[in-house]
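Novice: Below is the file data.txt, which contains compact mmCIF, C-alpha atoms.
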```
# COMPACT_ATOMS: atom_id res chain seq x y z
CA MET X 1 91.70 -14.33 64.81
CA VAL X 2 94.30 -16.97 64.06
CA VAL X 3 92.58 -18.84 61.21
CA LYS X 4 90.76 -16.78 58.56
CA SER X 5 88.64 -19.87 57.98
CA HIS X 6 85.81 -18.08 56.19
CA LYS X 7 88.13 -16.91 53.39
CA ILE X 8 89.76 -20.19 52.33
CA HIS X 9 88.69 -23.35 50.46
CA ASP X 10 87.45 -26.48 52.24
CA ALA X 11 90.67 -28.47 51.62
CA GLU X 12 92.73 -25.62 53.12
CA MET X 13 90.28 -25.38 56.05
CA VAL X 14 90.77 -29.09 56.79
CA GLU X 15 94.54 -28.55 56.87
CA ALA X 16 94.12 -25.43 59.04
CA LEU X 17 91.92 -27.36 61.48
CA LYS X 18 94.47 -30.17 61.73
CA GLU X 19 97.17 -27.61 62.66
CA ALA X 20 94.81 -25.84 65.09
CA ARG X 21 94.03 -29.17 66.80
CA GLN X 22 97.73 -29.70 67.58
CA LYS X 23 98.03 -26.17 68.96
CA ILE X 24 94.87 -26.60 71.08
CA PHE X 25 96.31 -29.75 72.66
CA THR X 26 99.64 -28.01 73.27
CA GLU X 27 97.96 -25.07 75.03
CA ILE X 28 95.58 -27.22 77.12
CA ARG X 29 98.52 -29.41 78.25
CA LYS X 30 100.03 -26.33 79.91
CA VAL X 31 97.23 -26.66 82.48
CA ILE X 32 95.77 -30.18 82.18
CA ILE X 33 97.84 -33.35 82.49
CA GLY X 34 96.47 -36.41 80.64
CA GLN X 35 92.79 -36.70 79.57
CA ASP X 36 93.78 -36.54 75.87
CA GLN X 37 90.86 -38.72 74.75
CA VAL X 38 88.34 -36.59 76.68
CA ILE X 39 89.79 -33.39 75.12
CA GLU X 40 89.55 -34.97 71.64
CA GLU X 41 85.92 -35.99 72.21
CA LEU X 42 85.02 -32.55 73.59
CA LEU X 43 86.42 -30.95 70.42
CA ILE X 44 84.49 -33.41 68.22
CA SER X 45 81.25 -32.65 70.05
CA LEU X 46 81.78 -28.86 69.90
CA LEU X 47 82.54 -28.86 66.16
CA ALA X 48 79.61 -31.20 65.45
CA ARG X 49 77.24 -28.78 67.27
CA GLY X 50 76.53 -31.41 69.91
CA HIS X 51 76.49 -31.30 73.72
CA CYS X 52 78.30 -33.52 76.23
CA LEU X 53 77.43 -35.31 79.44
CA LEU X 54 80.58 -35.70 81.56
CA ILE X 55 80.58 -38.35 84.26
CA GLY X 56 83.38 -38.65 86.79
CA VAL X 57 84.12 -38.57 90.50
CA PRO X 58 84.94 -35.19 92.11
CA GLY X 59 88.46 -33.80 91.87
CA LEU X 60 89.34 -34.89 88.32
CA ALA X 61 89.65 -31.28 87.03
CA LYS X 62 86.51 -31.39 84.89
CA THR X 63 85.72 -27.69 85.51
CA LEU X 64 89.34 -26.65 84.96
CA LEU X 65 89.45 -28.60 81.68
CA ILE X 66 86.31 -26.89 80.35
CA SER X 67 87.37 -23.38 81.43
CA THR X 68 90.83 -23.94 79.86
CA LEU X 69 89.21 -25.07 76.59
CA ALA X 70 87.09 -21.90 76.63
CA LYS X 71 90.22 -19.73 77.08
CA VAL X 72 92.08 -21.45 74.24
CA LEU X 73 89.06 -20.94 71.95
CA ARG X 74 88.31 -17.40 73.25
CA LEU X 75 84.73 -18.36 74.11
CA LYS X 76 82.62 -16.93 76.93
CA PHE X 77 82.36 -19.51 79.71
CA ASN X 78 79.78 -19.75 82.51
CA ARG X 79 79.46 -22.39 85.21
CA ILE X 80 76.11 -23.12 86.85
CA GLN X 81 76.12 -25.14 90.08
CA PHE X 82 72.90 -27.15 90.02
CA THR X 83 71.22 -27.49 93.43
CA PRO X 84 67.75 -28.69 94.54
CA ASP X 85 66.53 -25.07 95.01
CA LEU X 86 67.74 -23.79 91.60
CA MET X 87 64.91 -22.20 89.61
CA PRO X 88 64.58 -22.08 85.77
CA SER X 89 64.96 -18.26 85.89
CA ASP X 90 68.34 -18.75 87.65
CA ILE X 91 69.52 -20.29 84.38
CA THR X 92 67.70 -18.37 81.66
CA GLY X 93 67.44 -14.94 83.33
CA THR X 94 64.72 -12.87 84.94
CA GLU X 95 62.79 -9.63 84.46
CA ILE X 96 63.33 -6.79 86.91
CA ILE X 97 61.48 -3.48 87.32
CA GLU X 98 63.57 -0.33 86.92
CA ASP X 99 62.94 3.38 86.42
CA ASP X 100 63.02 4.82 82.91
CA HIS X 101 64.63 8.22 83.56
CA SER X 102 63.48 9.66 80.22
CA THR X 103 59.75 9.07 80.94
CA GLY X 104 59.76 8.71 84.73
CA LYS X 105 57.83 5.44 84.41
CA LYS X 106 58.75 1.99 85.67
CA VAL X 107 59.62 -0.56 82.98
CA PHE X 108 60.55 -4.24 82.86
CA LYS X 109 64.10 -5.10 81.91
CA PHE X 110 65.32 -8.62 81.12
CA VAL X 111 68.56 -9.55 82.90
CA LYS X 112 70.26 -12.41 81.04
CA GLY X 113 71.09 -15.54 83.02
CA PRO X 114 74.30 -17.63 82.90
CA VAL X 115 73.00 -19.67 79.93
CA PHE X 116 73.93 -16.68 77.75
CA ALA X 117 77.48 -17.87 77.08
CA ASN X 118 79.29 -19.90 74.41
CA ILE X 119 80.26 -22.73 76.77
CA VAL X 120 77.96 -23.52 79.70
CA LEU X 121 79.05 -26.01 82.36
CA ALA X 122 76.00 -27.43 84.16
CA ASP X 123 77.65 -28.87 87.25
CA GLU X 124 75.82 -31.87 88.77
CA ILE X 125 72.75 -31.52 86.56
CA ASN X 126 71.07 -34.44 88.35
CA ARG X 127 70.89 -32.45 91.61
CA THR X 128 68.11 -30.16 90.41
CA PRO X 129 64.40 -30.97 89.79
CA PRO X 130 63.10 -31.81 86.27
CA LYS X 131 61.52 -28.34 85.74
CA THR X 132 64.92 -26.65 86.07
CA GLN X 133 66.67 -29.35 84.01
CA ALA X 134 64.09 -28.73 81.26
CA ALA X 135 64.97 -25.01 81.09
CA LEU X 136 68.55 -25.89 80.16
CA LEU X 137 67.56 -28.71 77.83
CA GLN X 138 65.24 -26.37 75.89
CA ALA X 139 68.11 -23.92 75.40
CA MET X 140 70.30 -26.84 74.21
CA GLN X 141 67.73 -27.92 71.66
CA GLU X 142 66.48 -24.56 70.37
CA HIS X 143 69.57 -22.36 70.98
CA GLU X 144 67.16 -19.75 72.33
CA VAL X 145 65.47 -18.69 75.57
CA THR X 146 61.89 -17.48 75.98
CA ALA X 147 61.05 -15.16 78.88
CA ALA X 148 57.78 -13.27 79.39
CA GLY X 149 56.73 -13.95 75.80
CA THR X 150 59.97 -12.66 74.26
CA THR X 151 62.46 -15.01 72.57
CA TYR X 152 66.20 -14.32 72.91
CA LYS X 153 68.67 -16.02 70.58
CA LEU X 154 71.80 -17.49 72.17
CA LYS X 155 75.15 -16.55 70.64
CA GLU X 156 76.86 -19.15 68.48
CA PRO X 157 78.69 -21.38 69.08
CA PHE X 158 76.58 -22.67 71.99
CA PHE X 159 77.97 -25.73 73.75
CA VAL X 160 76.61 -27.31 76.96
CA LEU X 161 78.57 -29.68 79.16
CA ALA X 162 76.61 -31.27 81.98
CA THR X 163 78.39 -33.21 84.74
CA GLN X 164 77.06 -36.01 86.90
CA ASN X 165 78.68 -37.50 89.97
CA PRO X 166 78.39 -41.32 89.75
CA ILE X 167 79.04 -42.03 93.45
CA GLU X 168 76.53 -39.74 95.19
CA GLN X 169 73.00 -40.65 94.16
CA GLU X 170 71.04 -39.62 97.27
CA GLY X 171 68.76 -36.64 96.70
CA THR X 172 69.29 -36.65 92.92
CA TYR X 173 66.94 -36.39 89.94
CA PRO X 174 68.42 -38.63 87.22
CA LEU X 175 67.90 -37.38 83.66
CA PRO X 176 65.18 -39.39 81.85
CA GLU X 177 66.28 -41.37 78.76
CA ALA X 178 64.49 -38.93 76.42
CA GLN X 179 66.57 -36.05 77.82
CA LEU X 180 69.80 -38.07 77.88
CA ASP X 181 69.26 -38.59 74.13
CA ARG X 182 69.83 -34.85 73.55
CA PHE X 183 73.49 -35.21 74.53
CA MET X 184 75.70 -36.21 71.62
CA PHE X 185 78.39 -37.81 73.79
CA ASN X 186 78.48 -39.39 77.23
CA LEU X 187 82.11 -39.09 78.38
CA TRP X 188 83.60 -40.85 81.37
CA VAL X 189 86.45 -38.94 83.01
CA ASP X 190 88.62 -41.61 84.60
CA TYR X 191 91.33 -41.51 87.27
CA PRO X 192 94.79 -40.51 85.98
CA SER X 193 97.60 -43.06 85.68
CA GLU X 194 100.16 -43.22 88.49
CA GLN X 195 102.73 -41.24 86.48
CA GLU X 196 100.12 -38.61 85.53
CA GLU X 197 99.01 -38.30 89.15
CA ILE X 198 102.63 -37.70 90.25
CA GLN X 199 102.91 -34.94 87.61
CA ILE X 200 99.57 -33.43 88.71
CA VAL X 201 100.63 -33.27 92.36
CA GLN X 202 104.05 -31.78 91.48
CA TYR X 203 102.48 -29.19 89.15
CA THR X 204 99.56 -28.12 91.35
CA THR X 205 101.64 -27.73 94.53
CA SER X 206 104.35 -25.55 92.95
CA ALA X 207 104.46 -21.80 92.27
CA TYR X 208 104.33 -22.35 88.47
CA SER X 209 101.04 -21.88 86.62
CA GLY X 210 100.70 -22.29 82.86
CA GLN X 211 99.06 -19.57 80.76
CA PRO X 212 97.36 -21.05 77.70
CA GLN X 213 97.25 -18.89 74.58
CA VAL X 214 94.27 -18.36 72.25
CA VAL X 215 94.27 -20.62 69.17
CA LEU X 216 90.79 -20.07 67.64
CA ASP X 217 87.82 -17.79 68.27
CA ALA X 218 84.02 -18.00 68.00
CA GLU X 219 84.02 -17.03 64.30
CA ASP X 220 86.53 -19.78 63.49
CA ILE X 221 84.57 -22.38 65.45
CA THR X 222 81.32 -21.48 63.64
CA ALA X 223 83.09 -21.73 60.26
CA PHE X 224 84.52 -25.15 61.16
CA GLN X 225 81.06 -26.29 62.34
CA ASP X 226 79.73 -25.37 58.89
CA LEU X 227 82.65 -27.25 57.30
CA VAL X 228 81.68 -30.45 59.19
CA ARG X 229 78.25 -30.37 57.50
CA ARG X 230 79.91 -30.13 54.06
CA VAL X 231 82.16 -33.17 54.56
CA PRO X 232 81.08 -35.94 52.12
CA VAL X 233 80.36 -39.43 53.48
CA ALA X 234 80.49 -42.69 51.50
CA THR X 235 77.30 -44.77 51.38
CA ASN X 236 78.98 -47.80 53.01
CA VAL X 237 79.95 -45.66 56.04
CA VAL X 238 76.36 -44.45 56.48
CA ASP X 239 75.11 -48.04 56.04
CA PHE X 240 77.50 -49.24 58.77
CA ALA X 241 76.34 -46.53 61.21
CA VAL X 242 72.64 -47.25 60.61
CA LYS X 243 73.15 -51.04 60.82
CA LEU X 244 75.05 -50.69 64.11
CA VAL X 245 72.28 -48.57 65.64
CA ARG X 246 69.48 -50.81 64.36
CA MET X 247 71.20 -53.84 65.89
CA THR X 248 70.90 -52.26 69.35
CA ARG X 249 67.09 -52.68 69.15
CA PRO X 250 65.85 -55.97 70.63
CA ASN X 251 62.76 -56.07 68.35
CA PHE X 252 64.90 -55.81 65.18
CA ASP X 253 64.96 -59.14 63.28
CA HIS X 254 68.74 -59.16 62.78
CA SER X 255 69.68 -58.20 66.35
CA PRO X 256 72.03 -60.72 68.00
CA LYS X 257 70.74 -62.90 70.83
CA PHE X 258 72.68 -60.99 73.52
CA VAL X 259 70.88 -57.76 72.51
CA LYS X 260 67.48 -59.45 72.83
CA ASP X 261 68.57 -60.91 76.21
CA TRP X 262 70.07 -57.77 77.76
CA ILE X 263 68.51 -54.63 76.20
CA ALA X 264 65.04 -53.28 76.97
CA TRP X 265 65.26 -50.28 74.58
CA GLY X 266 67.79 -49.62 71.84
CA ALA X 267 69.11 -46.38 70.36
CA GLY X 268 66.95 -44.11 68.15
CA PRO X 269 67.76 -42.40 64.81
CA ARG X 270 69.54 -39.53 66.61
CA ALA X 271 72.31 -42.02 67.44
CA SER X 272 72.88 -42.70 63.71
CA GLN X 273 73.03 -38.95 63.04
CA TYR X 274 75.58 -38.39 65.81
CA LEU X 275 77.70 -41.36 64.70
CA ILE X 276 78.01 -39.77 61.24
CA LEU X 277 78.59 -36.23 62.59
CA GLY X 278 81.19 -37.55 65.06
CA ALA X 279 82.96 -39.52 62.31
CA LYS X 280 82.97 -36.51 59.96
CA THR X 281 84.44 -34.26 62.66
CA ARG X 282 87.04 -36.82 63.72
CA CYS X 283 88.32 -37.26 60.17
CA ILE X 284 88.80 -33.54 59.46
CA LEU X 285 90.50 -33.06 62.85
CA ASP X 286 92.96 -35.70 61.57
CA GLY X 287 93.31 -33.80 58.27
CA ARG X 288 91.40 -36.41 56.20
CA PRO X 289 88.74 -35.33 53.66
CA THR X 290 86.13 -38.05 54.31
CA PRO X 291 85.34 -40.45 57.19
CA GLU X 292 85.89 -44.20 57.21
CA ILE X 293 84.18 -47.03 59.12
CA GLU X 294 87.00 -46.83 61.68
CA ASP X 295 85.82 -43.31 62.58
CA ILE X 296 82.33 -44.68 63.33
CA ARG X 297 83.87 -47.34 65.57
CA ALA X 298 85.93 -44.68 67.39
CA VAL X 299 82.86 -42.62 68.39
CA ALA X 300 80.45 -45.54 68.94
CA LYS X 301 80.97 -45.84 72.70
CA PRO X 302 80.39 -42.18 73.70
CA VAL X 303 77.41 -41.95 71.29
CA LEU X 304 75.67 -45.20 72.31
CA ARG X 305 76.64 -45.60 75.97
CA HIS X 306 73.72 -43.55 77.35
CA ARG X 307 71.20 -44.53 74.67
CA LEU X 308 70.91 -48.23 75.51
CA VAL X 309 68.53 -49.18 78.32
CA THR X 310 69.52 -52.53 79.82
CA ASN X 311 67.02 -54.89 81.45
CA PHE X 312 67.02 -56.92 84.67
CA ASN X 313 68.86 -59.82 83.01
CA ALA X 314 71.83 -57.58 82.19
CA GLU X 315 71.82 -56.16 85.72
CA ALA X 316 71.71 -59.63 87.26
CA GLU X 317 74.61 -60.80 85.10
CA GLY X 318 76.66 -57.63 85.72
CA VAL X 319 76.63 -56.60 82.05
CA ASP X 320 76.92 -52.88 81.24
CA THR X 321 76.26 -50.97 78.03
CA ILE X 322 79.99 -50.71 77.16
CA GLU X 323 80.32 -54.51 77.08
CA ILE X 324 77.24 -54.73 74.82
CA ILE X 325 78.63 -52.04 72.45
CA GLU X 326 82.01 -53.82 72.26
CA ARG X 327 80.30 -57.10 71.36
CA LEU X 328 78.17 -55.32 68.74
CA LEU X 329 81.26 -53.76 67.14
CA GLU X 330 82.78 -57.24 66.84
CA LYS X 331 79.55 -58.52 65.32
CA VAL X 332 78.88 -55.83 62.69
```
Mind converting the file's structure to structure tokens?
Specialist:
Amino acid sequence: MVVKSHKIHDAEMVEALKEARQKIFTEIRKVIIGQDQVIEELLISLLARGHCLLIGVPGLAKTLLISTLAKVLRLKFNRIQFTPDLMPSDITGTEIIEDDHSTGKKVFKFVKGPVFANIVLADEINRTPPKTQAALLQAMQEHEVTAAGTTYKLKEPFFVLATQNPIEQEGTYPLPEAQLDRFMFNLWVDYPSEQEEIQIVQYTTSAYSGQPQVVLDAEDITAFQDLVRRVPVATNVVDFAVKLVRMTRPNFDHSPKFVKDWIAWGAGPRASQYLILGAKTRCILDGRPTPEIEDIRAVAKPVLRHRLVTNFNAEAEGVDTIEIIERLLEKV
């Protein structure tokens, strides 16, 4: 273990995390070119004990990014390819009958599914029916799996990343808003810049392959997750987060006219919680002891993007949730 985080004071832990963050970026850059903001937001979500929904077209190295992050943090990584015929037991695990050689009788044995990992990548989660989606979402919420009346705890840290492909919507089962709300962040993985794409092509078509080194381990991550909860937050920062979220609700008296015109449903209290947790995590990753309003602004888009339900007026006028969030941030 690189950082003996459980044996040092909070101020020293903040400094240790700041140093670890730089090392994590250095190691990931051996394999991944660009995507710095996505990496930053993945780290924030992991340390805040949240989960992420990643949206991006195929071929943008989403799987490679997640598996590289798992290597750098020495966390067990499993990838589940979601398909229309995937069953809940394919995720959580199943019971099999085997012989007990000591008694000669047949007994049931639980074989753990791929959800028993620290980082689980649910690839194309919208390709599987709601019953199978629910099996993963229960594990995300409870950090445990129940099979045949027995409950199995998942090892900490437990971090789920679900991907959705925005361009292929035929034969898909979009996640309902109530289930989308369980994801802390909604991250859009965009195309690389021209210079980054040149580097990617040069790197991936050569004989060289980078070998990232371990920076932290599961024990460190759990200790830093506990540290996030201990970070103090000023009252004005909490007030700003709550006011921002309340202004997304069209039935709120102080909501601006464009919210009443374009939004059918605003964000719930979980958005306020995640704004604060995201801000707290962002500040200690920067080596600062307490978050500021600027930290709330920085995490507002990934927290709110999937929690606002626009109406027909917004669709007709070509307005998306990002534009609404940007206008709200100017307003508050």
Novice: Can you tell me, as a short mmCIF file (atom, residue, chain, number, x, y, z; two decimals) with C-alpha atoms, in the frame of the given file, what residues are no more than 12 Å from region 124-126 of chain X when counting all atoms listed in the file, ignoring any on the same chain fewer than 5 positions away?
Specialist:
```cif
data_model
loop_
_atom_site.label_atom_id
_atom_site.label_comp_id
_atom_site.auth_asym_id
_atom_site.auth_seq_id
_atom_site.Cartn_x
_atom_site.Cartn_y
_atom_site.Cartn_z
CA CYS X 52 78.30 -33.52 76.23
CA LEU X 53 77.43 -35.31 79.44
CA LEU X 54 80.58 -35.70 81.56
CA ILE X 55 80.58 -38.35 84.26
CA GLY X 56 83.38 -38.65 86.79
CA VAL X 57 84.12 -38.57 90.50
CA PRO X 58 84.94 -35.19 92.11
CA LYS X 62 86.51 -31.39 84.89
CA THR X 63 85.72 -27.69 85.51
CA ARG X 79 79.46 -22.39 85.21
CA ILE X 80 76.11 -23.12 86.85
CA GLN X 81 76.12 -25.14 90.08
CA PHE X 82 72.90 -27.15 90.02
CA THR X 83 71.22 -27.49 93.43
CA PRO X 84 67.75 -28.69 94.54
CA LEU X 86 67.74 -23.79 91.60
CA ILE X 91 69.52 -20.29 84.38
CA LYS X 131 61.52 -28.34 85.74
CA THR X 132 64.92 -26.65 86.07
CA GLN X 133 66.67 -29.35 84.01
CA ALA X 134 64.09 -28.73 81.26
CA ALA X 135 64.97 -25.01 81.09
CA LEU X 136 68.55 -25.89 80.16
CA LEU X 137 67.56 -28.71 77.83
CA VAL X 160 76.61 -27.31 76.96
CA LEU X 161 78.57 -29.68 79.16
CA ALA X 162 76.61 -31.27 81.98
CA THR X 163 78.39 -33.21 84.74
CA GLN X 164 77.06 -36.01 86.90
CA ASN X 165 78.68 -37.50 89.97
CA PRO X 166 78.39 -41.32 89.75
CA ILE X 167 79.04 -42.03 93.45
CA GLU X 168 76.53 -39.74 95.19
CA GLN X 169 73.00 -40.65 94.16
CA GLU X 170 71.04 -39.62 97.27
CA GLY X 171 68.76 -36.64 96.70
CA THR X 172 69.29 -36.65 92.92
CA TYR X 173 66.94 -36.39 89.94
CA PRO X 174 68.42 -38.63 87.22
CA LEU X 175 67.90 -37.38 83.66
CA PRO X 176 65.18 -39.39 81.85
CA GLN X 179 66.57 -36.05 77.82
CA LEU X 180 69.80 -38.07 77.88
#
```
Novice: Kindly give the distance, in Å, that separates CA of Lys260 (chain X) and CA of Gly278 (chain X), rounded to a single decimal.
Specialist: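 Between CA of Lys260 (chain X) and CA of Gly278 (chain X) the gap is 27.0 Å.
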Novice: Rounded to one decimal, what separation in Å do you get between CA of Ile39 (chain X) and CA of Asp181 (chain X)?
Specialist: 21.2 Å
Novice: Rounded to one decimal in Å, what is the spacing between CA of Thr321 (chain X) and CA of Val259 (chain X)?
Specialist: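 A separation of 10.3 Å between them.
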Novice: Once you count all atoms listed in the file, which residues end up no further than 10 Å from (102.2, -31.9, 82.7) in the file's frame, shown as a PyMOL selection string?
Specialist: chain X and resi 28-34+196-204+210
Novice: Please work out which residues fall within 12 Å of (81.6, -15.3, 75.0), coordinates as given in the file, with only C-alpha atoms counting, and return them as a PyMOL selection string.
Specialist: chain X and resi 67+70-71+73-78+114-120+154-159+217-219
Novice: From the options X:Lys109, X:Arg21, X:His51, X:Arg127, which residue's atoms come nearest to Ala148 (chain X), counting all atoms listed in the file?
Specialist: X:Lys109
Novice: Could you check which of X:Asp226, X:Asp286, X:Glu323, X:Asp239 is closest to Arg49 (chain X), using all atoms listed in the file?
Specialist: X:Asp226
Novice: Ranking X:Leu328, X:Ile276, X:Ala147, X:Ile24 by minimum distance to Met247 (chain X) and counting all atoms listed in the file, which one comes first?
Specialist: X:Leu328
Novice: Of the candidates X:Ile284, X:Ile96, X:Asp90, X:Arg246, which one gets nearest to Gln225 (chain X) if we count all atoms listed in the file?
Specialist: X:Ile284
Novice: Pick the closest to Val228 (chain X) from X:Asn186, X:Asn313, X:Thr248, X:Ser45: which is it, counting all atoms listed in the file?
Specialist: X:Ser45
Novice: Taking into account only C-alpha atoms, which residue in the set X:Met140, X:Leu42, X:Leu64, X:Leu69 is nearest to Leu216 (chain X)?
Specialist: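 For Leu216 (chain X), the nearest of the candidates is X:Leu69.
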